[in-house]
>>> print(open('coords.cif').read())   # mmCIF, C-alpha atoms
data_coords
loop_
_atom_site.label_atom_id
_atom_site.label_comp_id
_atom_site.auth_asym_id
_atom_site.auth_seq_id
_atom_site.Cartn_x
_atom_site.Cartn_y
_atom_site.Cartn_z
CA MET A 1 12.11 -43.82 -14.37
CA TYR A 2 13.16 -40.29 -15.28
CA ASP A 3 16.71 -39.59 -16.38
CA PHE A 4 16.76 -36.31 -14.47
CA ALA A 5 14.55 -34.70 -11.84
CA VAL A 6 14.94 -31.03 -10.92
CA VAL A 7 13.57 -29.76 -7.62
CA GLY A 8 12.47 -26.14 -7.87
CA GLY A 9 10.77 -24.20 -10.63
CA GLY A 10 12.60 -20.92 -10.17
CA ILE A 11 14.94 -19.45 -12.75
CA VAL A 12 17.91 -21.63 -11.68
CA GLY A 13 15.90 -24.86 -11.76
CA LEU A 14 14.42 -23.99 -15.14
CA SER A 15 17.78 -22.96 -16.62
CA THR A 16 19.13 -26.29 -15.40
CA GLY A 17 16.33 -28.14 -17.19
CA MET A 18 17.11 -26.22 -20.36
CA ALA A 19 20.83 -26.99 -20.05
CA LEU A 20 20.08 -30.69 -19.52
CA TYR A 21 18.17 -30.86 -22.79
CA LYS A 22 20.95 -29.06 -24.61
CA ARG A 23 23.43 -31.76 -23.53
CA PHE A 24 20.99 -34.70 -23.50
CA PRO A 25 18.27 -33.92 -26.07
CA ASN A 26 16.59 -37.34 -25.69
CA ALA A 27 16.52 -37.40 -21.89
CA LYS A 28 13.34 -37.82 -19.86
CA ILE A 29 13.18 -34.88 -17.49
CA VAL A 30 10.76 -33.69 -14.80
CA ILE A 31 10.73 -30.49 -12.77
CA PHE A 32 8.93 -30.42 -9.43
CA GLU A 33 7.63 -27.07 -8.12
CA LYS A 34 5.70 -26.90 -4.87
CA GLU A 35 3.83 -23.70 -5.80
CA ASN A 36 1.05 -23.58 -8.37
CA ILE A 37 2.99 -21.14 -10.57
CA LEU A 38 6.62 -21.06 -11.68
CA ALA A 39 9.21 -18.53 -10.51
CA PHE A 40 7.09 -17.52 -7.53
CA HIS A 41 9.67 -16.87 -4.82
CA GLN A 42 13.12 -15.30 -5.32
CA THR A 43 12.74 -15.08 -9.10
CA GLY A 44 9.26 -13.59 -8.96
CA HIS A 45 10.29 -11.01 -6.37
CA ASN A 46 13.53 -10.08 -8.12
CA SER A 47 14.50 -6.46 -8.86
CA GLY A 48 15.07 -7.40 -12.50
CA VAL A 49 18.66 -6.17 -12.79
CA ILE A 50 21.00 -7.81 -15.28
CA HIS A 51 24.16 -7.51 -13.19
CA SER A 52 27.68 -6.96 -14.52
CA GLY A 53 29.77 -8.74 -11.86
CA ILE A 54 31.66 -5.71 -10.58
CA TYR A 55 31.18 -6.43 -6.88
CA TYR A 56 32.43 -10.00 -6.67
CA LYS A 57 35.79 -11.49 -5.77
CA PRO A 58 37.84 -12.02 -8.96
CA GLY A 59 37.84 -15.66 -9.99
CA SER A 60 34.76 -16.53 -7.92
CA TYR A 61 31.70 -18.20 -9.41
CA LYS A 62 29.73 -15.00 -8.85
CA ALA A 63 32.27 -12.87 -10.71
CA ARG A 64 32.66 -15.29 -13.63
CA PHE A 65 29.03 -16.34 -13.94
CA ALA A 66 27.70 -12.79 -13.59
CA ARG A 67 30.03 -11.53 -16.32
CA GLN A 68 29.31 -14.47 -18.62
CA GLY A 69 25.64 -14.49 -17.62
CA ASN A 70 25.27 -10.83 -18.47
CA LYS A 71 26.19 -11.73 -22.05
CA SER A 72 24.23 -15.01 -22.28
CA MET A 73 21.11 -13.53 -20.65
CA THR A 74 21.19 -10.52 -22.98
CA GLU A 75 21.63 -12.78 -26.01
CA PHE A 76 18.80 -15.07 -24.84
CA CYS A 77 16.43 -12.13 -24.43
CA ALA A 78 17.32 -10.76 -27.86
CA GLU A 79 16.87 -14.18 -29.49
CA HIS A 80 13.43 -14.72 -27.93
CA ASN A 81 12.15 -11.13 -28.17
CA ILE A 82 12.00 -10.64 -24.40
CA MET A 83 11.90 -6.97 -23.52
CA HIS A 84 15.15 -5.87 -21.87
CA ASP A 85 17.29 -2.75 -21.73
CA ILE A 86 21.06 -2.58 -21.30
CA CYS A 87 20.77 0.86 -19.77
CA GLY A 88 23.88 0.88 -17.59
CA LYS A 89 24.24 1.78 -13.93
CA VAL A 90 26.16 4.25 -11.82
CA ILE A 91 27.76 3.56 -8.45
CA VAL A 92 28.22 6.82 -6.57
CA ALA A 93 30.30 8.03 -3.65
CA THR A 94 28.46 10.66 -1.63
CA LYS A 95 31.06 11.15 1.16
CA GLU A 96 34.82 11.74 1.23
CA GLU A 97 35.42 8.49 3.14
CA GLU A 98 33.73 6.55 0.33
CA LEU A 99 36.19 7.70 -2.36
CA PRO A 100 38.87 5.10 -1.51
CA LEU A 101 36.17 2.41 -1.50
CA LEU A 102 34.99 3.59 -4.91
CA GLU A 103 38.57 3.36 -6.19
CA ASP A 104 38.88 -0.18 -4.79
CA LEU A 105 35.63 -1.13 -6.51
CA TYR A 106 36.90 0.31 -9.80
CA GLU A 107 40.06 -1.82 -9.51
CA ARG A 108 37.95 -4.89 -8.79
CA GLY A 109 35.86 -4.17 -11.88
CA ILE A 110 39.02 -3.99 -13.99
CA GLN A 111 40.21 -7.30 -12.50
CA ASN A 112 36.85 -8.79 -13.44
CA GLU A 113 37.47 -7.72 -17.04
CA LEU A 114 34.64 -5.18 -17.18
CA LEU A 115 34.53 -2.12 -19.39
CA ILE A 116 33.81 0.56 -16.82
CA GLU A 117 34.63 4.23 -16.49
CA LYS A 118 35.16 6.77 -13.75
CA LEU A 119 32.93 9.84 -13.74
CA THR A 120 33.45 13.20 -12.04
CA ARG A 121 30.71 15.07 -10.22
CA GLU A 122 30.10 17.09 -13.38
CA GLN A 123 30.06 14.08 -15.72
CA ILE A 124 27.57 12.15 -13.59
CA LYS A 125 25.04 14.94 -14.05
CA GLU A 126 24.94 14.11 -17.75
CA VAL A 127 23.93 10.53 -16.89
CA GLU A 128 21.80 11.05 -13.76
CA PRO A 129 20.98 14.77 -13.43
CA HIS A 130 19.44 14.54 -9.96
CA VAL A 131 22.04 12.41 -8.20
CA ASN A 132 24.24 13.71 -5.39
CA CYS A 133 27.83 12.50 -5.46
CA LEU A 134 31.52 13.38 -5.36
CA ALA A 135 32.53 10.79 -7.96
CA ALA A 136 31.09 7.70 -9.61
CA ILE A 137 31.71 4.58 -11.67
CA ARG A 138 29.58 3.95 -14.73
CA VAL A 139 28.93 0.30 -15.61
CA PRO A 140 27.48 0.33 -19.14
CA THR A 141 26.75 -3.43 -19.36
CA ALA A 142 24.19 -3.50 -16.53
CA GLY A 143 20.57 -3.74 -17.60
CA ILE A 144 16.99 -4.60 -16.66
CA VAL A 145 14.53 -7.37 -17.55
CA ASN A 146 11.53 -9.21 -16.13
CA TYR A 147 13.00 -12.50 -14.88
CA ARG A 148 9.60 -14.12 -14.53
CA GLU A 149 9.13 -13.63 -18.28
CA VAL A 150 12.56 -15.15 -18.88
CA SER A 151 11.61 -18.12 -16.68
CA GLU A 152 8.39 -18.66 -18.61
CA LYS A 153 10.43 -18.86 -21.83
CA PHE A 154 12.82 -21.36 -20.20
CA ALA A 155 9.79 -23.47 -19.22
CA GLU A 156 8.34 -23.26 -22.73
CA ILE A 157 11.60 -24.52 -24.23
CA ILE A 158 11.71 -27.40 -21.74
CA GLN A 159 8.15 -28.45 -22.54
CA GLU A 160 8.77 -28.23 -26.28
CA GLN A 161 11.56 -30.77 -25.74
CA GLY A 162 9.12 -33.09 -23.97
CA GLY A 163 9.98 -32.19 -20.39
CA GLU A 164 7.37 -32.40 -17.66
CA ILE A 165 6.72 -29.58 -15.19
CA ARG A 166 4.70 -30.62 -12.17
CA LEU A 167 3.26 -27.69 -10.26
CA GLY A 168 1.84 -27.97 -6.76
CA THR A 169 4.20 -30.88 -6.06
CA LYS A 170 6.43 -30.54 -3.02
CA VAL A 171 9.52 -32.72 -2.73
CA GLU A 172 9.70 -33.98 0.85
CA LYS A 173 12.60 -36.41 0.75
CA MET A 174 15.13 -37.95 -1.63
CA VAL A 175 16.88 -41.27 -1.10
CA GLU A 176 20.01 -42.10 -3.12
CA GLN A 177 20.49 -45.67 -4.30
CA ASP A 178 22.95 -47.41 -6.59
CA ASP A 179 20.68 -47.10 -9.62
CA GLY A 180 19.22 -43.66 -8.98
CA VAL A 181 17.19 -41.53 -6.58
CA THR A 182 13.78 -42.21 -5.04
CA ILE A 183 11.92 -38.92 -4.73
CA GLU A 184 9.08 -38.68 -2.24
CA THR A 185 6.67 -35.86 -3.10
CA SER A 186 3.34 -34.58 -1.82
CA LYS A 187 1.74 -36.30 -4.81
CA GLY A 188 3.47 -39.68 -4.76
CA THR A 189 6.89 -41.23 -5.26
CA GLU A 190 9.00 -41.04 -8.41
CA LYS A 191 12.45 -42.25 -9.39
CA ALA A 192 15.22 -40.62 -11.41
CA ARG A 193 18.78 -41.52 -12.34
CA ILE A 194 19.99 -38.10 -11.17
CA ALA A 195 18.19 -35.45 -9.07
CA ILE A 196 19.17 -31.79 -8.86
CA ASN A 197 18.14 -29.63 -5.91
CA CYS A 198 17.47 -26.02 -6.94
CA GLY A 199 15.15 -25.39 -4.01
CA GLY A 200 16.25 -21.82 -3.22
CA LEU A 201 14.88 -20.88 0.18
CA GLN A 202 14.37 -24.58 0.97
CA SER A 203 17.60 -25.89 -0.60
CA ASP A 204 19.43 -26.67 2.65
CA GLU A 205 16.42 -28.54 4.03
CA ILE A 206 16.17 -30.62 0.86
CA ALA A 207 19.91 -31.40 1.04
CA LYS A 208 19.51 -32.37 4.70
CA ALA A 209 16.52 -34.61 3.88
CA THR A 210 18.74 -36.35 1.31
CA GLY A 211 21.38 -37.03 3.93
CA TYR A 212 23.82 -34.20 3.25
CA LEU A 213 24.74 -32.26 6.38
CA THR A 214 26.60 -29.04 5.65
CA ASP A 215 28.26 -26.40 7.81
CA MET A 216 25.75 -23.80 6.64
CA LYS A 217 22.09 -22.89 6.90
CA ILE A 218 19.78 -20.71 4.85
CA VAL A 219 18.87 -17.56 6.77
CA PRO A 220 16.06 -15.61 5.07
CA PHE A 221 16.47 -11.84 4.80
CA ARG A 222 13.50 -9.80 3.67
CA GLY A 223 14.31 -6.99 1.28
CA GLU A 224 11.80 -4.17 1.77
CA TYR A 225 11.12 -1.71 -1.04
CA PHE A 226 9.28 1.47 -1.84
CA LYS A 227 8.58 2.74 -5.34
CA LEU A 228 8.46 6.28 -6.62
CA LYS A 229 5.17 7.90 -7.45
CA PRO A 230 4.74 8.08 -11.23
CA GLU A 231 5.19 11.86 -11.28
CA LYS A 232 8.60 11.52 -9.57
CA ARG A 233 10.08 8.81 -11.78
CA TYR A 234 11.92 11.47 -13.78
CA LEU A 235 14.37 11.73 -10.86
CA VAL A 236 15.91 8.38 -11.82
CA LYS A 237 17.00 7.67 -15.38
CA ASN A 238 18.26 4.10 -14.92
CA LEU A 239 20.12 2.40 -12.03
CA ILE A 240 21.74 4.29 -9.14
CA TYR A 241 23.70 2.43 -6.45
CA PRO A 242 25.74 3.59 -3.45
CA VAL A 243 29.27 2.41 -2.79
CA PRO A 244 28.76 -0.85 -0.86
CA ASP A 245 30.12 -1.24 2.64
CA PRO A 246 32.85 -3.91 2.24
CA ASN A 247 32.08 -5.21 5.74
CA PHE A 248 28.33 -5.61 5.17
CA PRO A 249 26.92 -8.37 2.93
CA PHE A 250 24.21 -6.24 1.27
CA LEU A 251 24.49 -3.47 -1.31
CA GLY A 252 22.52 -0.78 0.51
CA VAL A 253 19.39 1.05 -0.62
CA HIS A 254 19.48 2.02 -4.28
CA PHE A 255 17.22 3.05 -7.17
CA THR A 256 16.21 0.64 -9.92
CA ARG A 257 14.22 1.53 -13.01
CA MET A 258 12.14 -1.55 -13.81
CA ILE A 259 11.42 -2.78 -17.32
CA ASP A 260 7.78 -1.61 -16.97
CA GLY A 261 8.91 1.94 -16.19
CA GLU A 262 8.36 1.85 -12.44
CA VAL A 263 11.23 2.90 -10.16
CA ASP A 264 11.99 0.82 -7.07
CA ALA A 265 13.84 2.24 -4.07
CA GLY A 266 15.48 -0.18 -1.64
CA PRO A 267 15.97 -2.77 -0.38
CA ASN A 268 16.20 -2.63 3.34
CA ALA A 269 17.48 -5.98 4.66
CA VAL A 270 15.98 -7.50 7.82
CA LEU A 271 15.58 -11.02 9.16
CA SER A 272 12.41 -12.64 7.88
CA PHE A 273 10.41 -14.55 10.50
CA LYS A 274 9.45 -17.06 7.83
CA ARG A 275 11.49 -18.45 4.94
CA GLU A 276 8.88 -17.25 2.51
CA GLY A 277 7.77 -14.26 4.57
CA TYR A 278 7.16 -11.25 2.37
CA LYS A 279 5.29 -9.22 5.00
CA LYS A 280 6.38 -8.00 8.43
CA THR A 281 3.50 -9.99 9.93
CA ASP A 282 4.48 -13.30 8.27
CA LEU A 283 5.58 -15.78 10.92
CA ASN A 284 6.47 -19.46 10.99
CA VAL A 285 7.43 -20.32 14.57
CA LYS A 286 9.32 -23.48 13.61
CA GLU A 287 11.39 -21.75 10.92
CA LEU A 288 12.06 -18.73 13.14
CA MET A 289 13.21 -20.92 16.03
CA GLU A 290 15.56 -22.78 13.68
CA VAL A 291 17.27 -19.46 12.95
CA LEU A 292 17.22 -18.19 16.53
CA THR A 293 18.76 -21.42 17.83
CA TYR A 294 21.44 -21.46 15.13
CA GLY A 295 24.79 -20.37 16.52
CA GLY A 296 25.97 -19.14 13.12
CA PHE A 297 23.16 -16.57 13.00
CA TRP A 298 24.10 -15.05 16.38
CA LYS A 299 27.77 -14.90 15.45
CA LEU A 300 26.77 -13.06 12.28
CA ALA A 301 24.40 -10.75 14.17
CA ARG A 302 27.12 -9.78 16.67
CA LYS A 303 29.38 -8.71 13.81
CA PHE A 304 26.76 -6.38 12.37
CA VAL A 305 24.94 -4.97 15.40
CA LYS A 306 25.26 -1.36 14.24
CA GLU A 307 24.25 -2.13 10.65
CA GLY A 308 21.38 -4.36 11.83
CA ILE A 309 19.98 -1.58 14.01
CA GLY A 310 20.10 0.74 11.02
CA GLU A 311 18.25 -1.75 8.81
CA TYR A 312 15.51 -2.29 11.41
CA SER A 313 15.14 1.43 12.07
CA ARG A 314 14.48 1.99 8.36
CA SER A 315 12.09 -0.95 8.36
CA PHE A 316 9.83 0.75 10.87
CA SER A 317 10.50 4.39 9.97
CA LYS A 318 9.65 5.70 6.52
CA SER A 319 11.38 8.97 7.34
CA ARG A 320 14.68 7.17 8.04
CA PHE A 321 14.28 5.14 4.86
CA THR A 322 13.71 8.41 3.00
CA ALA A 323 16.82 9.94 4.59
CA SER A 324 18.92 7.07 3.24
CA LEU A 325 17.55 7.64 -0.25
CA GLN A 326 18.17 11.39 0.03
CA GLU A 327 21.90 10.69 0.31
CA LEU A 328 21.67 9.63 -3.34
CA ILE A 329 18.91 11.95 -4.55
CA PRO A 330 18.30 14.92 -2.19
CA GLU A 331 15.04 15.89 -3.95
CA ILE A 332 13.27 12.71 -2.80
CA GLN A 333 10.56 13.39 -0.22
CA GLU A 334 8.74 10.97 2.06
CA ASP A 335 5.47 11.56 0.21
CA ASP A 336 7.13 10.49 -3.04
CA LEU A 337 7.38 6.88 -1.82
CA ILE A 338 4.74 4.15 -2.11
CA VAL A 339 5.12 0.78 -0.39
CA ALA A 340 6.19 -1.89 -2.91
CA PRO A 341 6.28 -5.70 -2.67
CA ALA A 342 9.18 -7.17 -0.70
CA GLY A 343 11.47 -10.03 -1.65
CA VAL A 344 13.30 -12.64 0.43
CA ARG A 345 16.96 -13.48 -0.09
CA ALA A 346 18.01 -17.07 0.64
CA GLN A 347 21.40 -16.38 2.18
CA ALA A 348 23.52 -19.25 3.45
CA VAL A 349 25.38 -18.58 6.71
CA ARG A 350 28.12 -20.85 8.02
CA ASP A 351 28.35 -22.23 11.54
CA ASP A 352 31.14 -19.76 12.30
CA GLY A 353 28.90 -16.81 11.43
CA THR A 354 30.41 -15.98 8.04
CA ILE A 355 28.26 -15.28 5.03
CA VAL A 356 28.68 -17.82 2.23
CA ASP A 357 29.84 -15.26 -0.29
CA ASP A 358 29.83 -17.41 -3.43
CA PHE A 359 27.45 -19.78 -5.18
CA GLN A 360 27.64 -23.13 -3.42
CA ILE A 361 27.02 -26.36 -5.36
CA ILE A 362 27.41 -29.74 -3.64
CA THR A 363 27.82 -32.86 -5.77
CA GLY A 364 26.51 -36.04 -4.16
CA LYS A 365 26.39 -39.65 -5.28
CA LYS A 366 23.24 -39.35 -7.40
CA THR A 367 22.21 -35.80 -6.49
CA ILE A 368 23.48 -32.26 -6.96
CA HIS A 369 22.49 -29.52 -4.49
CA VAL A 370 22.57 -25.79 -5.19
CA CYS A 371 22.82 -24.64 -1.57
CA ASN A 372 23.57 -20.93 -2.01
CA ALA A 373 22.36 -18.98 -5.02
CA PRO A 374 21.29 -15.46 -4.03
CA SER A 375 21.84 -12.42 -6.27
CA PRO A 376 23.25 -12.38 -8.95
CA ALA A 377 21.82 -15.87 -9.55
CA ALA A 378 19.11 -14.65 -11.94
CA THR A 379 21.68 -12.91 -14.13
CA ALA A 380 23.95 -15.95 -13.89
CA SER A 381 21.19 -18.56 -14.23
CA ILE A 382 22.12 -19.78 -17.71
CA GLU A 383 25.75 -20.18 -16.62
CA ILE A 384 24.77 -21.90 -13.36
CA GLY A 385 22.68 -24.36 -15.38
CA LYS A 386 25.68 -25.14 -17.56
CA GLU A 387 27.90 -25.64 -14.51
CA ILE A 388 25.41 -28.03 -12.91
CA VAL A 389 25.16 -30.11 -16.08
CA ASN A 390 28.96 -30.25 -16.32
CA ARG A 391 29.02 -31.76 -12.82
CA ILE A 392 26.62 -34.60 -13.58
CA PRO A 393 28.45 -37.85 -12.82
CA VAL A 394 26.95 -39.67 -15.80
CA GLN A 395 28.52 -43.03 -16.62
CA GLU A 396 29.65 -43.58 -20.19
CA HIS A 397 26.87 -46.03 -21.08
CA LEU A 398 24.23 -43.64 -19.75
CA THR A 399 25.72 -40.77 -21.76
CA ASP A 400 25.47 -42.86 -24.91
CA GLN A 401 21.89 -43.86 -24.09
CA LEU A 402 20.80 -40.25 -23.53
CA HIS A 403 22.35 -39.12 -26.79
CA SER A 404 20.86 -41.97 -28.83
#
>>> encode(input="coords.cif", output="structure tokens")
Amino acid sequence: MYDFAVVGGGIVGLSTGMALYKRFPNAKIVIFEKENILAFHQTGHNSGVIHSGIYYKPGSYKARFARQGNKSMTEFCAEHNIMHDICGKVIVATKEEELPLLEDLYERGIQNELLIEKLTREQIKEVEPHVNCLAAIRVPTAGIVNYREVSEKFAEIIQEQGGEIRLGTKVEKMVEQDDGVTIETSKGTEKARIAINCGGLQSDEIAKATGYLTDMKIVPFRGEYFKLKPEKRYLVKNLIYPVPDPNFPFLGVHFTRMIDGEVDAGPNAVLSFKREGYKKTDLNVKELMEVLTYGGFWKLARKFVKEGIGEYSRSFSKSRFTASLQELIPEIQEDDLIVAPAGVRAQAVRDDGTIVDDFQIITGKKTIHVCNAPSPAATASIEIGKEIVNRIPVQEHLTDQLHS
């Protein structure tokens, strides 16, 4: 029997494995990953931003874990010689009506204990010479990294401690019992004292298969990107974001300099017709019907009809996508953009149509389920791992055994 089993080999599952060994160095741990490589889905399609936590409700998990995670992720990268760059970001208002929203965002950043500064139109030109704006906020603690490389280092640390990582092994069902959890996988049945579900895009299904019915469901949104041609990368120094619409759950198209020097532009956010659908043509009829027959999705869609139409119009029109980018950098032309790989965001939506705005962790009898961990989960992954381990309902005699 394993002491702990982790479902999911993305950055949150791997950070959890690492945190388990830090608390229980002699534990027997296994990580199950259904793909043949680690960090394949949300982590592997991540924009690579080390977030600051400016956007999130003060006191929320996202706000606290992003702020703390910014520090712990940066320290981890420095300790293990992982290339990263704390380059800072700017959030810009391009219209008069956005100025009050920018001021509100600045106040939220102060409440979240961030060192940020306001910039005038003239000052922003010193940071991002090609940007168009009326005013801006500079967030100096934001940065960039390759999260797949971070995940590989997490996995290396786990294996050095004696942990097992089983690739190509899909967890199909978990059954809680008095003495542990029986885990049915595509490659046989195993048992663990405690199991932790970090299944990302499949997390709600895994929780459901364990017997936990929640008032929310994962709805997959595909984030579509372009990248700048190499000769136009000079237009973006670091990270340029618009002022987010407070009524819309996504940040809007923005520019991200990647750690390899490429510059991504996006994302556009549209419903994916498959949980792991990275192309417009990807379709899983069963998964799509689960979304289309979910009342919470239609309640959400009705709230954002106008915004949804805009997202879909950009999805099928490069010129409209370009026009959105030109609001930030007017010099951008349609020919400057090359199609880039898309990502899929595992966003939990409640039955009443509201977006689950914070990380959601459900503690069961012998299982823990991370049922909502979209961005900034990669930034916050070390802190999420710590939180999960702190929730483990380990009896005193088991704690002593694991420390012995």
>>> closest_residue(input="coords.cif", among="A:Ile194, A:Ile29, A:Ile11, A:Ile355", to="Ile218 of chain A", atoms="only C-alpha atoms")
A:Ile355
>>> resolve_selection(input="coords.cif", expression="the PyMOL selection byres ((chain A and resi 333) around 10)", output="MDAnalysis selection string")
chainID A and resid 228 232 319 322:323 325:326 329:332 334:337
>>> write_last_selection(input="coords.cif", atoms="C-alpha atoms", output="CSV table (one decimal), in the frame of the given file")
chain,number,residue,atom,x,y,z
A,228,LEU,CA,8.5,6.3,-6.6
A,232,LYS,CA,8.6,11.5,-9.6
A,319,SER,CA,11.4,9.0,7.3
A,322,THR,CA,13.7,8.4,3.0
A,323,ALA,CA,16.8,9.9,4.6
A,325,LEU,CA,17.6,7.6,-0.2
A,326,GLN,CA,18.2,11.4,0.0
A,329,ILE,CA,18.9,12.0,-4.6
A,330,PRO,CA,18.3,14.9,-2.2
A,331,GLU,CA,15.0,15.9,-4.0
A,332,ILE,CA,13.3,12.7,-2.8
A,334,GLU,CA,8.7,11.0,2.1
A,335,ASP,CA,5.5,11.6,0.2
A,336,ASP,CA,7.1,10.5,-3.0
A,337,LEU,CA,7.4,6.9,-1.8
>>> atom_distance(input="coords.cif", atom1="atom CA of Ser52 of chain A", atom2="atom CA of Ile240 of chain A")
13.8 Å
>>> resolve_selection(input="coords.cif", expression="the PyMOL selection byres ((chain A and resi 263) around 9)", output="PyMOL selection string")
chain A and resi 226-230+233+236+238+255-258+260-262+264-265
>>> residues_around(input="coords.cif", residues="Gly69 of chain A", least_positions_apart="6", cutoff="7 Å", atoms="all atoms listed in the file", output="ChimeraX atom specification")
/A:379-383
>>> resolve_selection(input="coords.cif", expression="the PyMOL selection byres ((chain A and resi 36) around 7)", output="PyMOL selection string")
chain A and resi 34-35+37-38+167-168
>>> closest_residue(input="coords.cif", among="A:His130, A:Lys22, A:Arg345, A:Arg148", to="Phe221 of chain A", atoms="only C-alpha atoms")
A:Arg345
>>> residues_around(input="coords.cif", residues="Asp352 of chain A", least_positions_apart="2", cutoff="12 Å", atoms="all atoms listed in the file", output="list in words")
Asp215, Met216, Lys217, Tyr294, Gly295, Gly296, Phe297, Trp298, Lys299, Leu300, Ala301, Arg302, Lys303, Ala348, Val349, Arg350, Thr354, Ile355 and Val356 of chain A
>>> atom_distance(input="coords.cif", atom1="atom CA of Gly163 of chain A", atom2="atom CA of Val6 of chain A")
10.8 Å
>>> closest_residue(input="coords.cif", among="A:Tyr2, A:Tyr147, A:Tyr56, A:Tyr234", to="Glu190 of chain A", atoms="only C-alpha atoms")
A:Tyr2
>>> residues_around(input="coords.cif", residues="Thr120 of chain A", least_positions_apart="6", cutoff="8 Å", atoms="only C-alpha atoms", output="list in words")
Leu134, Ala135 and Ala136 of chain A
>>> closest_atom_pairs(input="coords.cif", of="segment 227-318 of chain A", to="segment 95-98 of chain A", cutoff="12 Å", atoms="all atoms listed in the file", output="JSON lines")
{"residue": "A:Pro242", "atom": "CA", "partner": "A:Glu98", "partner_atom": "CA", "distance": 9.3}
{"residue": "A:Val243", "atom": "CA", "partner": "A:Glu98", "partner_atom": "CA", "distance": 6.8}
{"residue": "A:Pro244", "atom": "CA", "partner": "A:Glu98", "partner_atom": "CA", "distance": 9.0}
{"residue": "A:Asp245", "atom": "CA", "partner": "A:Glu98", "partner_atom": "CA", "distance": 8.9}
{"residue": "A:Pro246", "atom": "CA", "partner": "A:Glu98", "partner_atom": "CA", "distance": 10.7}
>>> residues_around(input="coords.cif", residues="Thr210 of chain A", least_positions_apart="6", cutoff="9 Å", atoms="all atoms listed in the file", output="ChimeraX atom specification")
/A:173-176,367
>>> write_last_selection(input="coords.cif", atoms="C-alpha atoms", output="PDB file, keeping the file's coordinate frame")
ATOM      1  CA  LYS A 173      12.600 -36.410   0.750  1.00  0.00           C
ATOM      2  CA  MET A 174      15.130 -37.950  -1.630  1.00  0.00           C
ATOM      3  CA  VAL A 175      16.880 -41.270  -1.100  1.00  0.00           C
ATOM      4  CA  GLU A 176      20.010 -42.100  -3.120  1.00  0.00           C
ATOM      5  CA  THR A 367      22.210 -35.800  -6.490  1.00  0.00           C
TER       6      THR A 367
END
>>> closest_residue(input="coords.cif", among="A:Arg275, A:Lys187, A:Arg222, A:Lys280", to="Gln202 of chain A", atoms="all atoms listed in the file")
A:Arg275
>>> closest_residue(input="coords.cif", among="A:Thr43, A:Tyr278, A:Asn132, A:Pro58", to="Leu114 of chain A", atoms="only C-alpha atoms")
A:Pro58
>>> decode(input="coords.cif", residues="segment 204-216 of chain A", atoms="N, CA and C atoms", output="short mmCIF file (atom, residue, chain, number, x, y, z; two decimals), in the first residue's frame")
data_model
loop_
_atom_site.label_atom_id
_atom_site.label_comp_id
_atom_site.auth_asym_id
_atom_site.auth_seq_id
_atom_site.Cartn_x
_atom_site.Cartn_y
_atom_site.Cartn_z
N ASP A 204 -13.17 17.27 -12.01
CA ASP A 204 -14.54 17.10 -11.55
C ASP A 204 -15.06 15.69 -11.82
N GLU A 205 -14.61 15.10 -12.94
CA GLU A 205 -15.03 13.74 -13.27
C GLU A 205 -14.42 12.74 -12.29
N ILE A 206 -13.17 12.99 -11.90
CA ILE A 206 -12.51 12.11 -10.93
C ILE A 206 -13.20 12.22 -9.57
N ALA A 207 -13.55 13.46 -9.17
CA ALA A 207 -14.27 13.65 -7.91
C ALA A 207 -15.62 12.94 -7.95
N LYS A 208 -16.31 13.07 -9.08
CA LYS A 208 -17.61 12.42 -9.24
C LYS A 208 -17.48 10.90 -9.16
N ALA A 209 -16.42 10.35 -9.80
CA ALA A 209 -16.20 8.90 -9.78
C ALA A 209 -15.82 8.40 -8.40
N THR A 210 -15.42 9.31 -7.52
CA THR A 210 -15.09 8.95 -6.13
C THR A 210 -16.32 9.07 -5.23
N GLY A 211 -17.38 9.67 -5.77
CA GLY A 211 -18.60 9.79 -5.00
C GLY A 211 -18.91 11.18 -4.50
N TYR A 212 -18.12 12.18 -4.97
CA TYR A 212 -18.34 13.55 -4.52
C TYR A 212 -19.05 14.35 -5.60
N LEU A 213 -20.31 14.68 -5.35
CA LEU A 213 -21.10 15.46 -6.28
C LEU A 213 -21.05 16.92 -5.84
N THR A 214 -20.61 17.78 -6.73
CA THR A 214 -20.48 19.20 -6.40
C THR A 214 -21.51 20.01 -7.19
N ASP A 215 -21.60 21.29 -6.88
CA ASP A 215 -22.51 22.17 -7.61
C ASP A 215 -21.78 22.88 -8.75
N MET A 216 -20.72 22.24 -9.26
CA MET A 216 -19.96 22.88 -10.33
C MET A 216 -19.46 21.83 -11.32
#
